[in-house]
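Data block below; observations after.
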Amino acid sequence: MDVWEQIIWKNILQIRNTSPLVHNITNYVVMNNTANAVLAVGASPVMSHAHPEIDDMVQICQSVVINIGTLDEYWVASMVRAAERASQLQKPWILDPVGAGATPYRNSVLEQLLAFKPTVIRGNASEILALAKHNPTTTKGVDSTAQSNEAVSAAQCLNREFGSIVCVSGETDIIVTGRQIYYVRNGSTMMTRVTGLGCSATAVIGAFIAGIENKAEAVLAATALFGISGEIAARQAAGTGSLQVLLLDKLYNITLEEIKQLIRVEAVNAA
Amino acid sequence: MDVWEQIIWKNILQIRNTSPLVHNITNYVVMNNTANAVLAVGASPVMSHAHPEIDDMVQICQSVVINIGTLDEYWVASMVRAAERASQLQKPWILDPVGAGATPYRNSVLEQLLAFKPTVIRGNASEILALAKHNPTTTKGVDSTAQSNEAVSAAQCLNREFGSIVCVSGETDIIVTGRQIYYVRNGSTMMTRVTGLGCSATAVIGAFIAGIENKAEAVLAATALFGISGEIAARQAAGTGSLQVLLLDKLYNITLEEIKQLIRVEAVNAA
Amino acid sequence: MDVWEQIIWKNILQIRNTSPLVHNITNYVVMNNTANAVLAVGASPVMSHAHPEIDDMVQICQSVVINIGTLDEYWVASMVRAAERASQLQKPWILDPVGAGATPYRNSVLEQLLAFKPTVIRGNASEILALAKHNPTTTKGVDSTAQSNEAVSAAQCLNREFGSIVCVSGETDIIVTGRQIYYVRNGSTMMTRVTGLGCSATAVIGAFIAGIENKAEAVLAATALFGISGEIAARQAAGTGSLQVLLLDKLYNITLEEIKQLIRVEAVNAA
């Protein structure tokens, strides 16, 4: 069945053709790479966190990306205001709960942000579990220790409570909507040894929900694009430095043919 | 006529041989790349924004680069003080008005900075138009929507009002001085899909005005060097990730022969 | 004598196998690269500076890296608290005194941090001299102007006063412990033209002291690994952009064979 590659390719072209503007409030570590990932897929990133311009920036952008990786009090106020404003203006926004569960401070910030019902939440299994307060594991900093399949029920909880599409990254990426669960089996384990690739995946999803009406399709297309690009990059890479470079190259120049060859998606109806 | 490559090459060697110290107050997204661009051309970058050391840093450096990309209240105060101090000490400084026109906050900050008469202003056409308050277009975030040739009269306004050399980046880079307009037709459209290359061009110009007495020549040489390096890098690049890497390589190892082959500069006397 | 490569290799494997968690409070310019360097050698980086979570982050990590490159008042308070907490909990921590001697502000901040007796201090010769208040040279921003061998006695002073292992980076890296001085003659001069490689070396040492009991061996192994990786990367690199990429690749995939071929270490008993 070739329906997946058609859906993914249609949405990739949609972003390349419409170049939506994406407002990012993200962490210092990944800003350059996430901006480059957004540009590589054909969208336009804005990075801005100043209180006096948050409202204006949310206004002119088509989506908002909020990533708490290197949060502090000033940035948290920016994030909360941007989430509130996106919610008021009914603009799509995505939350990346980096390090959820690692400290009480992160948990309390995430509670504030969740109140504005993110369109999408993307994290690793540990983070999604912590976010759902189902966390039986100890979050090991910003790395994942839980298996992503254990996080499906946590993702479903979050989906029911906040209406968010939840994407759990891992060896298999799992996307939970109210109706279906998608399993995307692309990517490479070498990707876990490059900082901020999860954050870049979040930013690319942020670009896709900005320009695509069907949000489930947008998340699926962005996740598959990112996983396939990473898989191709990892095959060519001599190590983690070149993986990062080759991934951006592939996000920029991926073809339908490459997607056809590598795509491994499965959809299951939600129970 | 081979005068351009001689002027450019002489100035490139001047920076490599004198390694001027450049104080950068720039945005989070591009700090790593702009520091590497400054190092690649042979100069030495300092990145510092702390209020208690701004005066000292301006004092020990040969030029200042101010880029408002990810401004906030604390950083704006740093920028304004550095501009003031550079002006008092008659040190050359360059302003990159990232996102001018995107929000009222950016506009008001730029007004404060312009009061200290930057030696050079470098931006895309939208930003230069917004800065000259001639802006008939809607700035699309930090991307350019206006054609750079439409911005020449705006650049001339800024030159007359503030005495600044104004560099308008675009498919053709345009440099406006009081006496001449230079058109530099190098570069590649792929460069617009890498974040912060405009910021890196600004930082490289910042290095050249630090070490070269004739400021028009300094801006011309830096702009040509950057455009030619980007053009060579884009030919070799598989995508935007490798473009960024190859551009730094070329800024580091460019030869007179390469400049001779590719340089496309035209000078016109100002009306 | 093949003892050095055995010591180095054993410690490299130890980090790959235990993947210690390293808390970094570092500068904006290098965050991405230092996080990637820590990941490449097999450890896990956390980047966090928010006052409400400093204590928690120090608690869950095995070491702390403090780098003052782009300090300001908020970040200094984070750094001082993290150093204090690491000291109280007897966790190893490393100080990178970027730009020591460049401004009175940096000197006063470093004085506060030294009071918590860093396990390791790593800087260039100018910085180590400034730190020891033996500084007869003018620090040129964040670049080194003093020869690293002139800094040995400064390093010994710091070792006596604070009990720290002191690593002086330069053409030859010099490691001063209470008992011995190690000279590591690896690396490449091209490395000085890439921003933040000293900071990355510091972060890699931070990873090694997190997971290795013998701190002198940890510093030696990390320093040799970094120097040899840089040396191999520089041979293959077309310029400074690719050097940065290839260095990460090599930190990730270095082999015992490569270490054997290139290692140049000498140990001298302290006078």
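Residue numbering restarts at 1 for every chain of the structure tokens, chains are lettered A, B, ... in their displayed order, and ligands are numbered from 1 as they appear.
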
Taking only residues of region 160-179 of chain C that have an atom at most 8 Å from an atom of region 109-133 of chain C, what is each one's shortest atom pair and its distance in Å to one decimal, using only C-alpha atoms, in chain and number order, as CSV?
residue,atom,partner,partner_atom,distance
C:Phe162,CA,C:Lys117,CA,5.1
C:Gly163,CA,C:Lys117,CA,6.8
C:Ser164,CA,C:Thr119,CA,4.9
C:Ile165,CA,C:Val120,CA,4.7
C:Val166,CA,C:Ile121,CA,4.8
C:Cys167,CA,C:Arg122,CA,4.6
C:Val168,CA,C:Asn124,CA,5.3
C:Ser169,CA,C:Asn124,CA,4.8
C:Gly170,CA,C:Asn124,CA,6.3

Those residues you just picked out, can you put them in a file as a compact mmCIF listing (two decimals), in the first residue's frame with C-alpha atoms?
# COMPACT_ATOMS: atom_id res chain seq x y z
CA PHE C 162 43.01 24.97 45.86
CA GLY C 163 44.02 21.32 45.50
CA SER C 164 42.85 21.40 41.87
CA ILE C 165 44.34 19.46 39.02
CA VAL C 166 45.22 22.20 36.53
CA CYS C 167 45.20 21.64 32.78
CA VAL C 168 46.90 24.31 30.67
CA SER C 169 45.89 24.01 27.02
CA GLY C 170 48.24 24.99 24.25

For chain C against chain B, which residues fall within 6 Å using only C-alpha atoms, given as an mmCIF file with C-alpha atoms, in the first residue's frame?
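Now in result06.cif:
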data_model
loop_
_atom_site.group_PDB
_atom_site.id
_atom_site.type_symbol
_atom_site.label_atom_id
_atom_site.label_comp_id
_atom_site.auth_asym_id
_atom_site.auth_seq_id
_atom_site.Cartn_x
_atom_site.Cartn_y
_atom_site.Cartn_z
ATOM 1 C CA VAL C 29 28.515 30.123 22.031
ATOM 2 C CA THR C 70 29.130 34.515 28.495
ATOM 3 C CA ASP C 72 26.028 37.757 33.571
ATOM 4 C CA ARG C 193 40.633 28.779 14.706
ATOM 5 C CA VAL C 194 37.446 26.947 15.812
ATOM 6 C CA THR C 195 35.476 28.579 18.591
ATOM 7 C CA GLY C 239 39.056 24.053 6.846
ATOM 8 C CA THR C 240 37.707 24.997 10.227
ATOM 9 C CA GLY C 241 34.065 24.162 9.457
ATOM 10 C CA SER C 242 34.798 20.556 8.649
#

For this session: Go through B:Ala151, B:Ile259, B:Ala203, B:Ala77 and flag the residue nearest Thr26 (chain B), using only C-alpha atoms for the distances.
Result: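 Looking at the shortest contact to Thr26 (chain B), the residue is B:Ala203.
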
Exercise. Looking only at the backbone, which of the residues in region 12-192 of chain C does DSSP tag as alpha helix (DSSP H), as a PyMOL selection string?
Worked result: chain C and resi 12-18+31-40+54-60+73-88+104-114+125-131+152-162

Exercise. Expressed in Å to a single decimal, how great is the separation between CA of Ala207 (chain A) and CA of Leu13 (chain A)?
Worked result: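 These atoms are spaced 12.3 Å apart.
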
Problem set entry | Option closest in space to Arg160 (chain C), from C:Ala233, C:Ala238, C:Leu95, C:Ala270 [counting only C-alpha atoms] |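 The answer is C:Ala270, which sits nearest to Arg160 (chain C).
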
Problem set entry | Selected residue of minimal separation from Val98 (chain C) among C:Asn186, C:Thr192, C:Thr202, C:Gln180, counting only C-alpha atoms |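 Closest to Val98 (chain C) of all the choices is C:Thr202.
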
Exercise. Which neighbours of Thr223 (chain A) fall inside 10 Å, counting only C-alpha atoms, when residues of the same chain fewer than 2 positions from it are skipped, and could you give them as a ChimeraX atom specification?
Worked result: /A:8,167,169,173-175,184,186-187,201-202,204-205,208,217-221,225-229

Selection to disk with C-alpha atoms, as a short mmCIF file (atom, residue, chain, number, x, y, z; two decimals), in the first residue's frame:
data_model
loop_
_atom_site.label_atom_id
_atom_site.label_comp_id
_atom_site.auth_asym_id
_atom_site.auth_seq_id
_atom_site.Cartn_x
_atom_site.Cartn_y
_atom_site.Cartn_z
CA ILE A 8 3.70 12.42 3.61
CA CYS A 167 4.15 12.02 19.85
CA SER A 169 9.87 9.52 20.31
CA ASP A 173 7.98 6.88 17.21
CA ILE A 174 4.39 6.61 18.41
CA ILE A 175 1.73 9.18 17.58
CA VAL A 184 6.67 5.10 12.70
CA ASN A 186 12.30 4.92 11.02
CA GLY A 187 15.40 6.62 12.39
CA ALA A 201 11.78 16.99 15.41
CA THR A 202 9.51 19.17 17.56
CA VAL A 204 9.69 20.45 12.24
CA ILE A 205 6.33 19.29 13.58
CA PHE A 208 3.97 21.25 9.64
CA GLU A 217 -1.45 14.13 9.06
CA ALA A 218 0.88 17.03 9.77
CA VAL A 219 2.43 15.29 12.79
CA LEU A 220 2.68 12.00 10.94
CA ALA A 221 4.33 13.57 7.89
CA LEU A 225 10.22 12.92 7.26
CA PHE A 226 12.46 13.39 10.26
CA GLY A 227 12.93 9.68 10.92
CA ILE A 228 13.65 8.80 7.29
CA SER A 229 16.05 11.71 6.91
#

For this session: Within region 52-269 of chain C, find each residue whose DSSP state, derived from the backbone, is strand (DSSP E or B), and express the selection as a PyMOL selection string.
Result: chain C and resi 63-67+93-96+120-124+140+143+165-169+173-176+180-184+265-269

Output the selection as a short mmCIF file (atom, residue, chain, number, x, y, z; two decimals), in the first residue's frame - C-alpha atoms for each residue.
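Below is the file that was written, out17.cif:
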data_model
loop_
_atom_site.label_atom_id
_atom_site.label_comp_id
_atom_site.auth_asym_id
_atom_site.auth_seq_id
_atom_site.Cartn_x
_atom_site.Cartn_y
_atom_site.Cartn_z
CA SER C 63 29.78 16.02 37.91
CA VAL C 64 29.41 19.73 37.21
CA VAL C 65 31.04 21.83 34.46
CA ILE C 66 31.21 25.60 35.03
CA ASN C 67 32.35 27.80 32.14
CA TRP C 93 33.50 19.79 39.28
CA ILE C 94 35.59 21.57 36.68
CA LEU C 95 36.07 25.29 36.14
CA ASP C 96 36.79 26.85 32.74
CA VAL C 120 39.94 20.53 37.91
CA ILE C 121 40.71 23.88 36.30
CA ARG C 122 41.27 24.00 32.51
CA GLY C 123 42.26 27.11 30.61
CA ASN C 124 44.82 28.50 28.22
CA LYS C 140 43.85 39.44 24.76
CA ASP C 143 42.59 34.15 23.24
CA ILE C 165 44.34 19.46 39.02
CA VAL C 166 45.22 22.20 36.53
CA CYS C 167 45.20 21.64 32.78
CA VAL C 168 46.90 24.31 30.67
CA SER C 169 45.89 24.01 27.02
CA ASP C 173 48.72 20.50 26.92
CA ILE C 174 50.15 20.47 30.42
CA ILE C 175 48.44 18.75 33.35
CA VAL C 176 49.66 19.65 36.81
CA GLN C 180 53.31 14.89 38.52
CA ILE C 181 53.28 17.04 35.44
CA TYR C 182 51.99 15.45 32.27
CA TYR C 183 52.85 16.85 28.85
CA VAL C 184 50.42 15.85 26.10
CA VAL C 265 52.52 11.80 26.54
CA GLU C 266 55.37 12.44 28.92
CA ALA C 267 55.21 12.45 32.71
CA VAL C 268 57.64 14.24 35.01
CA ASN C 269 57.65 14.08 38.78
#

Problem set entry | Distance in Å - CA of Thr177 (chain A) versus CA of Val152 (chain A) |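 So the answer is 10.7 Å.
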
For this session: Excluding Glu5 (chain C) and any residue of its chain fewer than 6 positions from it, enumerate the residues within 8 Å of it, using only C-alpha atoms, and give them as a list in words.
Result: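 The neighbour list is Leu256, Ile259, Lys260 and Ile263 of chain C.
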
Restrict the selected residues to C-alpha atoms and save them as an mmCIF file, in the first residue's frame.
data_model
loop_
_atom_site.group_PDB
_atom_site.id
_atom_site.type_symbol
_atom_site.label_atom_id
_atom_site.label_comp_id
_atom_site.auth_asym_id
_atom_site.auth_seq_id
_atom_site.Cartn_x
_atom_site.Cartn_y
_atom_site.Cartn_z
ATOM 1 C CA LEU C 256 42.695 1.956 20.419
ATOM 2 C CA ILE C 259 45.499 6.187 20.026
ATOM 3 C CA LYS C 260 48.521 3.862 19.879
ATOM 4 C CA ILE C 263 49.744 9.353 21.548
#

For this session: Could you jot down the CA of Arg185 (chain C) to CA of Glu171 (chain C) separation for me, Å, one decimal place?
Result: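 Value for the CA of Arg185 (chain C)-CA of Glu171 (chain C) distance: 7.0 Å.
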